[in-house]
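Content type mmCIF, C-alpha atoms, from the file coords.cif:
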data_entry
#
loop_
_atom_site.label_atom_id
_atom_site.label_comp_id
_atom_site.auth_asym_id
_atom_site.auth_seq_id
_atom_site.Cartn_x
_atom_site.Cartn_y
_atom_site.Cartn_z
CA MET A 381 100.03 -49.38 56.89
CA SER A 382 100.37 -45.75 55.87
CA LYS A 383 97.18 -43.71 55.75
CA ASP A 384 98.58 -42.09 52.61
CA MET A 385 98.41 -45.37 50.69
CA PRO A 386 95.75 -45.24 47.95
CA LEU A 387 92.66 -47.41 48.31
CA ASN A 388 92.80 -50.78 46.62
CA SER A 389 89.97 -52.04 44.40
CA LEU A 390 88.01 -53.25 47.43
CA GLY A 391 88.24 -49.87 49.14
CA PHE A 392 90.96 -50.51 51.72
CA ALA A 393 94.18 -48.55 52.27
CA LYS A 394 96.17 -51.77 52.11
CA ARG A 395 98.10 -53.79 49.62
CA PRO A 396 95.91 -56.52 48.07
CA GLU A 397 98.07 -59.25 49.63
CA ASP A 398 97.37 -57.74 53.07
CA THR A 399 93.61 -57.70 52.44
CA ARG A 400 91.73 -60.89 53.23
CA VAL A 401 88.46 -61.43 51.39
CA VAL A 402 86.09 -64.35 51.89
CA VAL A 403 84.30 -65.20 48.65
CA ALA A 404 80.92 -66.93 48.92
CA MET A 405 81.22 -69.58 46.20
CA SER A 406 78.09 -71.37 44.95
CA GLY A 407 79.96 -73.37 42.34
CA GLY A 408 78.52 -71.29 39.49
CA VAL A 409 80.38 -69.11 37.03
CA ASP A 410 79.58 -65.78 38.72
CA SER A 411 81.08 -66.37 42.16
CA SER A 412 83.91 -68.38 40.57
CA VAL A 413 84.90 -65.38 38.45
CA VAL A 414 84.81 -63.11 41.52
CA ALA A 415 87.18 -65.43 43.37
CA ALA A 416 89.49 -65.85 40.38
CA GLU A 417 89.70 -62.13 39.62
CA LEU A 418 90.48 -61.23 43.23
CA ALA A 419 93.06 -64.00 43.49
CA GLN A 420 94.77 -62.79 40.31
CA GLN A 421 94.81 -59.24 41.68
CA GLY A 422 96.82 -60.57 44.63
CA TYR A 423 94.21 -60.54 47.38
CA ASP A 424 94.29 -63.06 50.24
CA VAL A 425 91.25 -65.01 49.01
CA VAL A 426 89.42 -67.64 51.04
CA GLY A 427 86.63 -69.48 49.23
CA VAL A 428 83.65 -70.72 51.23
CA THR A 429 80.81 -72.90 49.94
CA LEU A 430 77.72 -73.71 51.96
CA GLN A 431 76.20 -77.18 52.11
CA LEU A 432 72.59 -76.08 52.44
CA TYR A 433 70.58 -79.25 51.89
CA ASP A 434 70.78 -82.93 51.07
CA HIS A 435 67.77 -83.48 48.92
CA GLY A 436 68.10 -86.78 47.08
CA ALA A 437 67.38 -86.06 43.44
CA ALA A 438 68.22 -82.40 43.90
CA LEU A 439 71.85 -83.28 44.53
CA ALA A 440 72.21 -84.62 41.01
CA LYS A 441 70.07 -81.92 39.42
CA LYS A 442 71.78 -79.61 36.98
CA GLY A 443 71.13 -75.94 37.58
CA ALA A 444 70.68 -76.11 41.36
CA CYS A 445 73.15 -74.25 43.53
CA CYS A 446 74.89 -75.53 46.63
CA ALA A 447 74.35 -79.19 45.73
CA GLY A 448 76.99 -81.91 45.50
CA ARG A 449 78.22 -81.14 42.00
CA ASP A 450 78.44 -77.43 42.77
CA ILE A 451 80.60 -77.98 45.84
CA HIS A 452 82.93 -80.05 43.64
CA ASP A 453 83.02 -77.28 41.00
CA ALA A 454 83.83 -74.61 43.60
CA ARG A 455 86.67 -76.75 44.94
CA ARG A 456 88.09 -77.20 41.41
CA VAL A 457 88.07 -73.43 40.85
CA ALA A 458 89.97 -72.90 44.12
CA GLU A 459 92.53 -75.51 43.08
CA THR A 460 92.90 -73.88 39.66
CA MET A 461 93.54 -70.44 41.16
CA GLY A 462 95.52 -71.64 44.20
CA PHE A 463 93.55 -70.36 47.17
CA PRO A 464 92.05 -72.24 50.16
CA HIS A 465 88.45 -73.44 50.00
CA TYR A 466 86.16 -74.59 52.79
CA VAL A 467 82.74 -76.26 52.82
CA LEU A 468 80.50 -75.36 55.75
CA ASP A 469 77.49 -77.45 56.80
CA TYR A 470 74.59 -75.02 57.12
CA GLU A 471 71.81 -77.57 56.57
CA ASN A 472 70.09 -77.06 59.93
CA ILE A 473 70.25 -73.28 59.69
CA PHE A 474 68.90 -73.36 56.13
CA GLN A 475 66.08 -75.73 57.10
CA GLU A 476 64.95 -73.54 59.99
CA ALA A 477 65.52 -70.11 58.44
CA VAL A 478 64.41 -70.74 54.85
CA ILE A 479 62.78 -74.08 54.00
CA ASP A 480 60.32 -74.24 56.92
CA GLU A 481 59.10 -70.69 56.30
CA PHE A 482 58.80 -71.42 52.58
CA ALA A 483 56.49 -74.37 53.28
CA ASP A 484 54.43 -72.52 55.90
CA ALA A 485 54.03 -69.47 53.66
CA TYR A 486 52.67 -71.58 50.82
CA LEU A 487 50.29 -73.31 53.22
CA GLY A 488 49.13 -69.86 54.29
CA GLY A 489 48.24 -68.90 50.71
CA ALA A 490 51.30 -66.69 50.15
CA THR A 491 53.87 -66.82 47.35
CA PRO A 492 57.24 -66.74 49.14
CA VAL A 493 60.66 -65.79 47.78
CA PRO A 494 63.10 -68.06 49.63
CA CYS A 495 66.17 -66.69 47.81
CA ILE A 496 65.70 -63.37 49.64
CA ARG A 497 65.42 -65.09 53.01
CA CYS A 498 68.55 -67.13 52.24
CA ASN A 499 70.55 -63.97 51.55
CA GLU A 500 69.08 -62.23 54.60
CA ARG A 501 69.22 -65.04 57.17
CA VAL A 502 72.03 -67.30 56.00
CA LYS A 503 74.54 -65.80 53.57
CA PHE A 504 74.55 -62.22 54.86
CA LYS A 505 74.11 -63.22 58.49
CA ASP A 506 75.75 -66.48 59.56
CA LEU A 507 78.23 -66.69 56.68
CA LEU A 508 79.13 -63.03 57.07
CA GLU A 509 79.87 -63.62 60.76
CA THR A 510 82.00 -66.62 59.80
CA ALA A 511 83.94 -64.38 57.41
CA LYS A 512 84.64 -61.99 60.28
CA ASP A 513 85.75 -64.94 62.43
CA LEU A 514 88.26 -65.73 59.67
CA ASP A 515 89.67 -62.20 60.09
CA ALA A 516 88.42 -61.15 56.66
CA ASP A 517 88.35 -57.47 55.76
CA CYS A 518 85.25 -58.06 53.63
CA MET A 519 83.08 -60.70 51.96
CA ALA A 520 82.53 -60.77 48.19
CA THR A 521 79.72 -62.46 46.26
CA GLY A 522 78.81 -63.01 42.63
CA HIS A 523 75.55 -61.04 42.80
CA TYR A 524 74.77 -58.55 40.04
CA ILE A 525 74.28 -55.42 42.09
CA GLN A 526 76.44 -52.38 42.84
CA ARG A 527 77.74 -50.98 46.09
CA LYS A 528 78.68 -47.33 45.84
CA VAL A 529 80.05 -45.09 48.58
CA GLY A 530 77.94 -41.96 48.96
CA PRO A 531 78.23 -38.94 51.28
CA ASN A 532 76.51 -40.90 54.08
CA GLY A 533 78.25 -44.23 53.56
CA PRO A 534 77.76 -47.28 51.33
CA GLU A 535 74.69 -47.28 49.07
CA LEU A 536 72.98 -50.10 47.19
CA HIS A 537 72.53 -49.56 43.44
CA SER A 538 71.11 -51.62 40.59
CA ALA A 539 73.51 -53.55 38.38
CA ALA A 540 74.79 -51.96 35.19
CA ASP A 541 73.16 -54.82 33.24
CA SER A 542 69.42 -54.49 33.84
CA ASN A 543 68.88 -58.01 32.48
CA ARG A 544 71.04 -59.49 35.26
CA ASP A 545 70.16 -57.08 38.07
CA GLN A 546 69.48 -58.90 41.37
CA SER A 547 68.46 -55.93 43.49
CA TYR A 548 64.99 -57.42 44.09
CA PHE A 549 66.61 -60.31 45.96
CA LEU A 550 68.96 -58.13 48.01
CA PHE A 551 66.67 -55.37 49.30
CA SER A 552 66.96 -56.60 52.90
CA THR A 553 70.73 -56.03 53.03
CA THR A 554 71.30 -53.77 56.03
CA PRO A 555 73.69 -50.78 56.15
CA GLU A 556 75.94 -52.75 58.53
CA GLN A 557 76.10 -55.70 56.13
CA LEU A 558 76.66 -53.37 53.19
CA SER A 559 79.75 -51.97 54.89
CA PHE A 560 81.31 -55.45 54.86
CA LEU A 561 80.05 -56.73 51.50
CA ARG A 562 81.51 -56.30 48.02
CA PHE A 563 79.88 -57.10 44.65
CA PRO A 564 82.65 -57.10 42.00
CA LEU A 565 80.36 -58.05 39.07
CA GLY A 566 77.80 -55.28 39.45
CA HIS A 567 79.52 -52.96 36.96
CA LEU A 568 79.66 -55.50 34.11
CA HIS A 569 77.34 -54.85 31.18
CA SER A 570 76.57 -58.45 30.17
CA LYS A 571 76.87 -62.07 31.27
CA ALA A 572 79.09 -62.58 28.23
CA GLU A 573 81.74 -60.44 29.98
CA THR A 574 81.59 -62.73 33.00
CA ARG A 575 82.00 -65.87 30.92
CA ALA A 576 84.88 -64.26 29.02
CA LEU A 577 86.66 -63.65 32.33
CA ALA A 578 86.04 -67.27 33.34
CA ALA A 579 87.56 -68.45 30.07
CA LYS A 580 90.54 -66.09 30.54
CA HIS A 581 91.29 -67.75 33.86
CA GLY A 582 90.75 -71.24 32.44
CA LEU A 583 88.01 -71.99 34.95
CA PRO A 584 86.27 -75.36 34.61
CA VAL A 585 82.85 -73.68 35.06
CA ALA A 586 83.25 -71.16 32.20
CA ASP A 587 80.39 -72.74 30.21
CA LYS A 588 78.31 -73.99 33.13
CA PRO A 589 74.59 -73.14 32.73
CA ASP A 590 72.99 -70.66 35.11
CA SER A 591 70.78 -71.99 37.90
CA GLN A 592 67.09 -71.44 37.15
CA ASP A 593 65.05 -72.86 40.01
CA ILE A 594 64.98 -72.52 43.77
CA CYS A 595 67.93 -74.65 44.83
CA PHE A 596 66.02 -77.07 47.07
CA VAL A 597 63.07 -77.54 44.68
CA PRO A 598 63.86 -80.22 42.08
CA ASN A 599 62.36 -79.59 38.64
CA GLY A 600 60.56 -76.49 39.90
CA ASN A 601 57.81 -78.62 41.50
CA TYR A 602 57.08 -76.60 44.64
CA ALA A 603 53.99 -78.59 45.57
CA SER A 604 55.81 -81.93 45.76
CA VAL A 605 58.40 -80.46 48.14
CA ILE A 606 55.72 -78.94 50.37
CA GLU A 607 53.79 -82.21 50.46
CA LYS A 608 56.92 -83.98 51.72
CA LEU A 609 57.56 -81.30 54.33
CA ARG A 610 53.93 -80.93 55.41
CA PRO A 611 51.96 -84.17 54.80
CA GLY A 612 48.30 -83.50 54.03
CA ALA A 613 49.04 -80.07 52.58
CA ALA A 614 47.52 -81.05 49.23
CA ASP A 615 44.02 -81.77 50.51
CA PRO A 616 41.40 -80.97 47.82
CA GLY A 617 38.79 -78.25 48.15
CA GLU A 618 36.43 -75.99 46.24
CA ILE A 619 37.05 -73.56 43.44
CA VAL A 620 34.56 -70.71 43.83
CA ASP A 621 33.83 -67.44 42.09
CA MET A 622 33.94 -64.09 43.85
CA ASP A 623 30.30 -64.51 44.97
CA GLY A 624 31.04 -67.88 46.56
CA ASN A 625 29.43 -70.02 43.85
CA ILE A 626 31.13 -73.41 43.52
CA LEU A 627 32.64 -73.91 40.08
CA GLY A 628 34.68 -77.04 40.63
CA GLU A 629 37.15 -78.86 42.83
CA HIS A 630 40.90 -78.20 43.18
CA ARG A 631 43.68 -80.63 44.13
CA GLY A 632 45.18 -78.58 46.94
CA VAL A 633 45.64 -74.84 47.51
CA ILE A 634 49.43 -75.27 47.31
CA HIS A 635 49.13 -75.99 43.58
CA TYR A 636 47.81 -72.47 42.84
CA THR A 637 49.21 -68.93 42.81
CA ILE A 638 47.64 -65.50 42.49
CA GLY A 639 47.20 -64.58 38.83
CA GLN A 640 47.20 -68.17 37.59
CA ARG A 641 44.95 -68.85 34.60
CA ARG A 642 45.93 -72.25 33.23
CA GLY A 643 45.31 -75.58 34.89
CA LEU A 644 42.18 -74.58 36.81
CA GLY A 645 40.07 -77.36 35.31
CA ILE A 646 36.93 -75.22 35.00
CA GLY A 647 36.55 -74.81 31.26
CA GLY A 648 33.38 -73.78 29.48
CA MET A 649 33.20 -70.29 30.98
CA ALA A 650 32.31 -67.34 28.76
CA ASP A 651 35.34 -65.33 29.91
CA PRO A 652 38.78 -66.42 31.15
CA LEU A 653 39.08 -66.80 34.90
CA TYR A 654 42.14 -66.19 37.07
CA VAL A 655 43.07 -67.06 40.63
CA VAL A 656 42.40 -63.82 42.53
CA LYS A 657 42.65 -65.09 46.12
CA LEU A 658 43.63 -68.16 48.11
CA ASP A 659 41.75 -69.12 51.28
CA PRO A 660 43.75 -71.97 52.85
CA ASP A 661 41.72 -71.94 56.08
CA HIS A 662 38.62 -73.04 54.14
CA ARG A 663 40.63 -74.85 51.42
CA ARG A 664 39.17 -72.55 48.77
CA VAL A 665 40.59 -71.13 45.57
CA ILE A 666 38.74 -67.97 44.55
CA VAL A 667 38.68 -67.08 40.84
CA GLY A 668 37.49 -64.04 38.95
CA PRO A 669 37.99 -61.90 35.83
CA LYS A 670 41.37 -60.39 35.00
CA GLU A 671 40.34 -56.93 36.20
CA ALA A 672 39.83 -58.37 39.70
CA LEU A 673 43.59 -58.90 39.89
CA ALA A 674 44.34 -55.17 39.69
CA THR A 675 45.78 -53.83 42.95
CA ARG A 676 46.53 -50.21 43.80
CA THR A 677 47.17 -50.30 47.57
CA ILE A 678 49.72 -52.71 49.06
CA PRO A 679 50.37 -53.26 52.79
CA VAL A 680 54.11 -53.79 53.41
CA ARG A 681 55.93 -54.79 56.61
CA GLU A 682 59.39 -55.89 57.80
CA ILE A 683 60.76 -52.88 55.93
CA ASN A 684 64.50 -52.47 55.56
CA TRP A 685 65.06 -48.78 54.82
CA LEU A 686 68.30 -47.69 53.10
CA GLY A 687 67.58 -44.00 52.65
CA ASP A 688 69.72 -41.22 54.13
CA GLU A 689 66.87 -39.80 56.23
CA PRO A 690 64.80 -41.82 58.73
CA PHE A 691 61.90 -43.65 57.07
CA THR A 692 59.32 -41.94 59.26
CA SER A 693 60.77 -38.45 58.74
CA ARG A 694 58.34 -37.89 55.85
CA LYS A 695 54.64 -38.60 55.45
CA GLU A 696 55.20 -39.68 51.85
CA TRP A 697 58.08 -40.99 49.76
CA HIS A 698 57.70 -40.70 45.99
CA VAL A 699 59.67 -43.60 44.52
CA SER A 700 59.34 -46.50 42.11
CA VAL A 701 58.66 -50.03 43.33
CA LYS A 702 58.96 -53.58 42.06
CA VAL A 703 56.36 -56.07 43.27
CA ARG A 704 57.81 -59.00 41.32
CA SER A 705 61.39 -59.70 40.27
CA THR A 706 60.46 -59.97 36.58
CA ARG A 707 58.61 -56.64 36.39
CA PRO A 708 60.13 -53.19 35.92
CA PRO A 709 59.84 -50.59 38.71
CA ARG A 710 56.58 -48.61 38.64
CA ALA A 711 55.80 -45.20 40.11
CA ALA A 712 54.42 -45.30 43.65
CA ILE A 713 53.91 -43.39 46.89
CA ILE A 714 55.06 -44.93 50.18
CA ARG A 715 53.25 -43.79 53.32
CA PRO A 716 55.09 -44.90 56.48
CA ILE A 717 53.02 -46.29 59.35
CA SER A 718 56.05 -47.06 61.52
CA ALA A 719 59.78 -47.62 61.00
CA THR A 720 59.05 -51.07 59.55
CA GLU A 721 55.53 -50.85 58.15
CA ALA A 722 53.91 -48.83 55.37
CA GLU A 723 51.15 -48.57 52.83
CA VAL A 724 52.29 -48.40 49.22
CA GLU A 725 50.04 -46.78 46.63
CA LEU A 726 50.72 -47.70 43.01
CA ILE A 727 50.05 -44.87 40.57
CA VAL A 728 48.97 -47.45 37.99
CA PRO A 729 47.39 -50.63 39.41
CA GLU A 730 49.36 -53.87 39.06
CA GLU A 731 47.95 -57.34 38.45
CA GLY A 732 48.86 -60.41 40.45
CA VAL A 733 50.24 -58.73 43.57
CA SER A 734 50.58 -61.53 46.11
CA PRO A 735 51.29 -61.76 49.85
CA GLY A 736 54.72 -63.26 50.41
CA GLN A 737 56.35 -61.34 47.58
CA ALA A 738 58.72 -58.45 48.14
CA CYS A 739 58.04 -54.79 47.40
CA VAL A 740 61.38 -53.14 46.63
CA PHE A 741 61.91 -49.36 46.62
CA TYR A 742 63.91 -47.60 43.85
CA SER A 743 64.96 -44.00 43.37
CA ASN A 744 63.22 -42.09 40.60
CA ASP A 745 66.42 -40.12 39.92
CA ASP A 746 69.21 -42.70 39.67
CA SER A 747 70.05 -46.39 40.19
CA ARG A 748 69.87 -46.31 43.98
CA ILE A 749 67.78 -48.81 45.97
CA PHE A 750 66.08 -47.55 49.12
CA GLY A 751 65.35 -50.99 50.53
CA GLY A 752 61.93 -52.60 50.62
CA GLY A 753 59.62 -54.84 52.59
CA TRP A 754 57.31 -57.85 52.45
CA ILE A 755 53.80 -57.74 51.01
CA TRP A 756 51.19 -59.14 53.38
CA LYS A 757 47.43 -59.42 53.61
CA GLY A 758 47.02 -56.39 55.85
CA ARG A 759 44.94 -56.04 58.95
#

Now, as a test, write the supplied structure out as structure tokens.
Amino acid sequence: MSKDMPLNSLGFAKRPEDTRVVVAMSGGVDSSVVAAELAQQGYDVVGVTLQLYDHGAALAKKGACCAGRDIHDARRVAETMGFPHYVLDYENIFQEAVIDEFADAYLGGATPVPCIRCNERVKFKDLLETAKDLDADCMATGHYIQRKVGPNGPELHSAADSNRDQSYFLFSTTPEQLSFLRFPLGHLHSKAETRALAAKHGLPVADKPDSQDICFVPNGNYASVIEKLRPGAADPGEIVDMDGNILGEHRGVIHYTIGQRRGLGIGGMADPLYVVKLDPDHRRVIVGPKEALATRTIPVREINWLGDEPFTSRKEWHVSVKVRSTRPPRAAIIRPISATEAEVELIVPEEGVSPGQACVFYSNDDSRIFGGGWIWKGR
């Protein structure tokens, strides 16, 4: 193909029909629209859906991705648009790389984010390699995030629609993965635009509700899943205040999260109490006043750095960070300890910072994401 040919919409100097793109299809409206749009534009589209788990009630649960109904929906979209579709059994990989760590993290008193691990260890690792094995030029997903080409290569940027932005869940995307990935929905300004495109193509999932929960957790009941995976995990223990005074009994550390106020079963106190720490080794839930939740210094490890300069090239990075997916970025200073470990200082303390959550780094000047890492308990 001539080097003088202009780049197509996926960034290749090829005709669309000569450009193969594997689309990761969950069966939802977002990835379905990506596949349909690319197919209509003439690309050589191959749809792939992952069978991640076989979880009894979860298979029939509305709003869970990668379950039986969703595989059927993805197949119907492929039939509607006339491109091949494959289902790959990734159950063992998903169990080992995501579900087991999820259970162990909860047992360790952390609050894990399995969706990030799924992207990092399954979709953007094993599935991405499968896409290359299929001779694809790139892999496209329905995530709401933007990939922009800067002077030093591809960059990760927040979605145009801040209400749909999924950058928190994609911080661990590496530069190598970013070179191969495409996110065609990141520039859209609302979910309504996505559904309008689905309706334009006559897709059977145009009005399908969005998934809300972790896909392998039916009804959002984390504790019941962990009890099945790790029998005995719900052993009762003591609820104590910050001085160690016993205030009551809990029904298992796995039922509690940092910052929780309701459902503690220790009424009659003069002031509201919150879960400020979990001590699974001694089966203790430590509670205290709201101000005890405020955190200014956060230890972060397993850092994936997406800046142009090496992470350790500066003593301090002045950025904004998110410590929970539902919170806006807040001003912070990152102090590197090594290429993958740092201390993050929040300019204004945050409440409810929990080990197991991600700390994602954002530019103060534009929409760029500089990566992030995992919050841990520190040394």

Would you kindly translate the PyMOL selection byres ((chain A and resi 696) around 8) into the concrete residues it picks from this file, as a list of chain:residue names?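 That selection, the PyMOL selection byres ((chain A and resi 696) around 8), comes back as A:Arg694, A:Lys695, A:Trp697, A:His698, A:Ile713, A:Ile714, A:Arg715, A:Pro716.
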
Output as lines of an AutoDock Vina configuration file the centre and edge lengths (Å, one decimal) of the box along x, y and z of the file that holds every listed atom of segment 453-472 of chain A after adding 8 Å on each side.
center_x = 82.8
center_y = -74.0
center_z = 49.8
size_x = 41.4
size_y = 23.2
size_z = 36.3

Considering all atoms listed in the file, can you say which of A:Gly408, A:Pro708, A:Gly753, A:Pro492 comes closest to Arg575 of chain A?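 Once distances to Arg575 of chain A are computed over all atoms listed in the file, the minimum belongs to A:Gly408.
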
Calculated over only C-alpha atoms, which of the candidates A:Lys702, A:Asp410, A:Pro652, A:Thr553 has the smallest distance to Arg497 of chain A?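 That would be A:Thr553, the residue with the smallest distance to Arg497 of chain A.
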
Which neighbours of Tyr470 of chain A fall inside 10 Å, counting all atoms listed in the file, when residues of the same chain fewer than 2 positions from it are skipped, and could you give them as a ChimeraX atom specification? /A:429-433,467-468,472-475,502-503,506-507

Could you write out as number ranges by chain the residues that the PyMOL selection byres ((chain A and resi 610) around 12) matches in the shown file? A: 479-487, 603-609, 611-615, 634

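Reported to one decimal place, the separation of atom CA of Val703 of chain A from atom CA of Gly533 of chain A is 26.9 Å.
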
Minimum-distance residue to Arg710 of chain A, chosen among A:Asn543, A:Arg676, A:Asp517, A:Glu689 (using only C-alpha atoms): A:Arg676

Calculate how many Å separate atom CA of Gln420 of chain A from atom CA of Asn388 of chain A, rounding to one decimal.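 Taking atom CA of Gln420 of chain A and atom CA of Asn388 of chain A, their separation equals 13.7 Å.
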
Nearest to Lys394 of chain A, chosen from A:Glu417, A:Asp688, A:Asp424, A:Glu618, with only C-alpha atoms counted in the distances: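 Ranking A:Glu417, A:Asp688, A:Asp424, A:Glu618 by distance to Lys394 of chain A, first place goes to A:Asp424.
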
When you draw a straight line from atom CA of Val457 of chain A to atom CA of Leu583 of chain A, how long is it in Å?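 Rounded to one decimal, the two atoms are 6.1 Å apart.
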
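Excluding Pro679 of chain A itself and same-chain residues fewer than 4 positions from it, the residues having an atom within 7 Å of it are Ala722, Glu723, Val724, Ile755, Trp756, Lys757 and Gly758 of chain A, counting all atoms listed in the file.
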
Would you save the residues of that selection, restricted to C-alpha atoms, as a PDB file, in the frame of the given file?
ATOM      1  CA  ALA A 722      53.910 -48.830  55.370  1.00  0.00           C
ATOM      2  CA  GLU A 723      51.150 -48.570  52.830  1.00  0.00           C
ATOM      3  CA  VAL A 724      52.290 -48.400  49.220  1.00  0.00           C
ATOM      4  CA  ILE A 755      53.800 -57.740  51.010  1.00  0.00           C
ATOM      5  CA  TRP A 756      51.190 -59.140  53.380  1.00  0.00           C
ATOM      6  CA  LYS A 757      47.430 -59.420  53.610  1.00  0.00           C
ATOM      7  CA  GLY A 758      47.020 -56.390  55.850  1.00  0.00           C
TER       8      GLY A 758
END

Running the PyMOL selection byres ((chain A and resi 646) around 7) on this model by hand, what would come out? Give it as a VMD selection string. chain A and resid 627 to 628 644 to 645 647 to 648

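Across A:Gly668, A:Pro660, A:Pro531, A:Pro494, the tightest approach to Gly617 of chain A is made by A:Pro660 when counting all atoms listed in the file.
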
Name all residues at most 12 Å from Ile638 of chain A (count only C-alpha atoms; drop same-chain ones fewer than 5 positions away) and give them as a PyMOL selection string. chain A and resi 486+489-492+633+653-659+665-668+670+672-675+731-737
